[in-house]
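As structure tokens, the structure follows; a few thoughts come after it.
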Amino acid sequence: MQRRYLFALSTASVLALTGVSGSALAQAYPNKVIKLQVPFAPGGTTDIIARVIADPLGKALGQSVIVENKAGGGGVVGALELSRAAPDGYTLGVATVSSTAANPAINPKIPYNTLTDFTPIINIAATPNVIAVNPSFPARNYKEFLAEIKKNPGKYSFGSSGTGSIAHLQMELYKNLSGTFITHIPYRGSGPALNDAVAGQIPIIFDNLPSALPFILQKRLIAIAVAAPQRVAAMPDVPTFKEVGLEPVNRMAYYGITAPKGIPADVVEKVSLGVKKSLEDPAVRRRIEDTGSIIIANTPEQFAAQIKAEYEVYKKVVESAKLTLE
Ligand code: GLU
């Protein structure tokens with residue numbers, strides 16, 4: 001009789017009666033499917049990294065991790081939705097440099113606080129960025145590219161992963177430092193921008209390397225310059241921005257896992273360990289490193305500090321180059 005009575009009680013009252021704490025509750029995590037939200041369209045680097053990690057992370061946690069794209073506004077639409085999701089570990093998101101640093105730095109109307117509305121969990125990887133052109137563009141290397149755009153201010157346009165994205169900001173910075181003018185065309189992510197660059201609808205793209213590299217290797221796009229600590233093994237002839245005298249543009253992007261603020265500490269720990277374990281698999285590592293990316297796999301505190309530092313860098317970039325969204 002007593003047992004039946006216990007069954008009739010809600011989980012919360014049973015926990016209260018038996019003195020089981022919230023942390024014991026988290027031990028049950030995860031007991032349903034986890035959503036990993038991507039704040040950009042399919043086909044971009046955010047989507048690629050999410051899909052590389054979702055499967056092994058699901059295995060490590062013992063639950064499926066499904067990727068959901070929520071594109072728009074250079075990562076802002078997805079990040080806003082993530083900030084408003086329940087902080088229970090069942091909605092995680094990919095934190096990108098665009099949604100966490102670049103956009104918050106340039107957009108005075110940003111609808112979330114990048115430093116306080118999220119719980120950074122782990123930075124997965126730093127990825128190079130690249131300027132690439134359609135093969136019909138009359139340049140095969142950086143020197144020819146610079147000469148062509150200098151000669152023709154306003155003639156060419158470039159595609160980015162969205163307004164306020166790293167691609168937008170870095171390209172504006174590039175224009176500012178090189179004294180050139182190229183028209184900005186924002187997309188809902190690098191995926192659709194790449195489609196148009198490969199098809200020749202736009203002559204130039206600024207992208208993160210993992211998504212652009214397959215097209216570069218197939219010669220459907222020509223790489224002009226890369227933002228990375230050194231040249232990328234897969235394209236040894238392509239100079240870094242530092243080499244061409246543009247060190248401020250030589251910044252990488254990052255892709256990590258984040259959650260809404262207020263997520264229990266033990267859930268953070270489980271997700272962080274799950275990602276770390278996934279990144280120990282040589283096949284997973286190879287898929288990330290083959291794109292010229294560097295695996296980071298740091299602590300929540302280190303990732304939070306990186307986001308803050310990158311946000312400060314972009315605020316300075318916006319200030320010194322007087323960049324605005326208009
Ligand atoms: N450029 C974006 C970023 O690094 C990601 C682009 C995309 O995944 O479409 O934040």
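Every chain in the structure tokens has a letter given in the order shown (A, B, ...), and although residue numbers restart at 1 in each chain, ligands are simply numbered from 1 in the order shown.
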Using only C-alpha atoms and all ligand atoms, determine which residues fall within 7 Å of ligand 1, then list them as an MDAnalysis selection string.
-> chainID A and resid 40:41 43:47 75 96:99 161 165:167 188:191 207:208 253:254
Please provide the set of residues having any atom within 6 Å of segment 131-140 of chain A, restricted to only C-alpha atoms, with same-chain residues fewer than 3 positions apart removed, written as a PyMOL selection string.
-> chain A and resi 144-145+197-198+200+203-206+221-225
Writing out the chosen residues with C-alpha atoms as a PDB file, in the first residue's frame:
ATOM      1  CA  GLU A 144      46.920  40.037 -58.717  1.00  0.00           C
ATOM      2  CA  PHE A 145      43.837  40.095 -56.470  1.00  0.00           C
ATOM      3  CA  ALA A 197      30.591  31.842 -55.146  1.00  0.00           C
ATOM      4  CA  VAL A 198      31.134  28.479 -56.830  1.00  0.00           C
ATOM      5  CA  GLY A 200      29.858  32.608 -60.088  1.00  0.00           C
ATOM      6  CA  PRO A 203      33.083  36.734 -57.439  1.00  0.00           C
ATOM      7  CA  ILE A 204      34.615  36.763 -53.917  1.00  0.00           C
ATOM      8  CA  ILE A 205      33.923  35.008 -50.633  1.00  0.00           C
ATOM      9  CA  PHE A 206      35.356  35.359 -47.155  1.00  0.00           C
ATOM     10  CA  LEU A 221      37.396  28.338 -55.977  1.00  0.00           C
ATOM     11  CA  ILE A 222      40.857  29.925 -55.936  1.00  0.00           C
ATOM     12  CA  ALA A 223      42.277  30.694 -52.473  1.00  0.00           C
ATOM     13  CA  ILE A 224      43.883  34.137 -52.259  1.00  0.00           C
ATOM     14  CA  ALA A 225      45.014  34.546 -48.631  1.00  0.00           C
TER      15      ALA A 225
END
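Among the candidates A:Leu146, A:Ala50, A:Val275, A:Ala105, the one nearest to Glu312 of chain A when counting only C-alpha atoms is A:Ala105.
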So which one's closest to Lys261 of chain A, A:Ala227, A:Leu246, A:Val52, A:Ile121? Using only C-alpha atoms, please.
-> A:Ile121
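The residue that comes closest to Glu301 of chain A, out of A:Leu194, A:Ile122, A:Val318, A:Val232 and on the basis of only C-alpha atoms, is A:Ile122.
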All residues 9 Å or closer to Tyr112 of chain A, only C-alpha atoms, same chain fewer than 6 positions away omitted, as a PyMOL selection string | chain A and resi 76+79-80+83+104
Can I get the selected residues back with N, CA, C and O atoms, as a CSV table (one decimal), in the first residue's frame?
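Okay, result_36.csv is ready:
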chain,number,residue,atom,x,y,z
A,76,VAL,N,22.9,35.7,-34.9
A,76,VAL,CA,22.2,36.3,-33.8
A,76,VAL,C,20.8,35.6,-33.6
A,76,VAL,O,20.4,35.4,-32.4
A,79,ALA,N,21.5,32.4,-31.7
A,79,ALA,CA,22.0,32.6,-30.3
A,79,ALA,C,21.0,33.2,-29.4
A,79,ALA,O,20.9,32.8,-28.2
A,80,LEU,N,20.1,34.0,-29.9
A,80,LEU,CA,19.0,34.6,-29.1
A,80,LEU,C,18.1,33.5,-28.7
A,80,LEU,O,17.7,33.4,-27.5
A,83,SER,N,19.7,31.5,-26.0
A,83,SER,CA,19.8,32.2,-24.7
A,83,SER,C,18.4,32.1,-23.9
A,83,SER,O,18.3,32.2,-22.7
A,104,PRO,N,28.2,40.9,-31.4
A,104,PRO,CA,28.0,41.7,-30.2
A,104,PRO,C,28.9,43.0,-30.2
A,104,PRO,O,28.5,44.0,-29.7
Ile185 of chain A surroundings by only C-alpha atoms, 7 Å radius, close-in-sequence under 4 positions cut, as a list of chain:residue names | A:Ser157, A:Phe158, A:Gly159, A:Ser160
Store the residues picked out above, limited to C-alpha atoms, as a PDB file, in the first residue's frame.
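See again.pdb below for the written result:
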ATOM      1  CA  SER A 157      31.111  42.028 -54.341  1.00  0.00           C
ATOM      2  CA  PHE A 158      31.909  39.483 -51.650  1.00  0.00           C
ATOM      3  CA  GLY A 159      29.659  37.002 -49.885  1.00  0.00           C
ATOM      4  CA  SER A 160      29.702  36.549 -46.099  1.00  0.00           C
TER       5      SER A 160
END
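One finds atom CA of Leu61 of chain A at 29.2 Å from atom CA of Asn113 of chain A.
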Which is closest to Glu148 of chain A among A:Ile182, A:Val33, A:Ser278, A:Glu319, if we use only C-alpha atoms?
-> A:Ile182
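Put simply, atom CA of Tyr156 of chain A is 28.3 Å away from atom CA of Ile48 of chain A.
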When distances are computed from only C-alpha atoms, which of A:Ile263, A:Ala102, A:Ala147, A:Ala283 shows the smallest separation from Thr324 of chain A?
-> A:Ala102
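Among A:Leu36, A:Val284, A:Ile257, A:Ala212, the residue with the shortest atom-to-atom distance to Met235 of chain A, counting only C-alpha atoms, is A:Ala212.
Around Thr127 of chain A, within 8 Å and counting only C-alpha atoms, the residues found are Asn208, Leu209, Pro210, Ala228, Met252, Ala253, Tyr254, Tyr255, Thr291, Gly292, Ser293 and Ile294 of chain A, once anything fewer than 3 positions away on its own chain is removed.
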Keeping only C-alpha atoms, write the selected residues to a file as a PDB file, in the first residue's frame.
ATOM      1  CA  ASN A 208      36.104  29.767 -42.690  1.00  0.00           C
ATOM      2  CA  LEU A 209      38.412  27.231 -44.266  1.00  0.00           C
ATOM      3  CA  PRO A 210      36.681  23.902 -43.397  1.00  0.00           C
ATOM      4  CA  ALA A 228      46.111  31.169 -39.794  1.00  0.00           C
ATOM      5  CA  MET A 252      41.033  32.506 -36.693  1.00  0.00           C
ATOM      6  CA  ALA A 253      37.418  31.564 -35.977  1.00  0.00           C
ATOM      7  CA  TYR A 254      36.317  29.268 -33.147  1.00  0.00           C
ATOM      8  CA  TYR A 255      33.604  26.698 -32.697  1.00  0.00           C
ATOM      9  CA  THR A 291      40.718  21.235 -42.623  1.00  0.00           C
ATOM     10  CA  GLY A 292      43.701  23.090 -41.157  1.00  0.00           C
ATOM     11  CA  SER A 293      41.839  23.549 -37.861  1.00  0.00           C
ATOM     12  CA  ILE A 294      43.433  23.275 -34.440  1.00  0.00           C
TER      13      ILE A 294
END
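Taking atom CA of Tyr29 of chain A as the reference point, atom CA of Lys270 of chain A is found at 8.4 Å.
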Excluding same-chain residues fewer than 5 positions from Lys150 of chain A, what lies within 9 Å of it counting only C-alpha atoms, as a list of chain:residue names?
-> A:Phe145, A:Ser178, A:Gly179, A:Thr180, A:Phe181
Close residues, Val77 of chain A itself excluded, 7 Å, only C-alpha atoms, min 6 positions apart in chain, as a list in words | Pro39, Lys70 and Ala71 of chain A
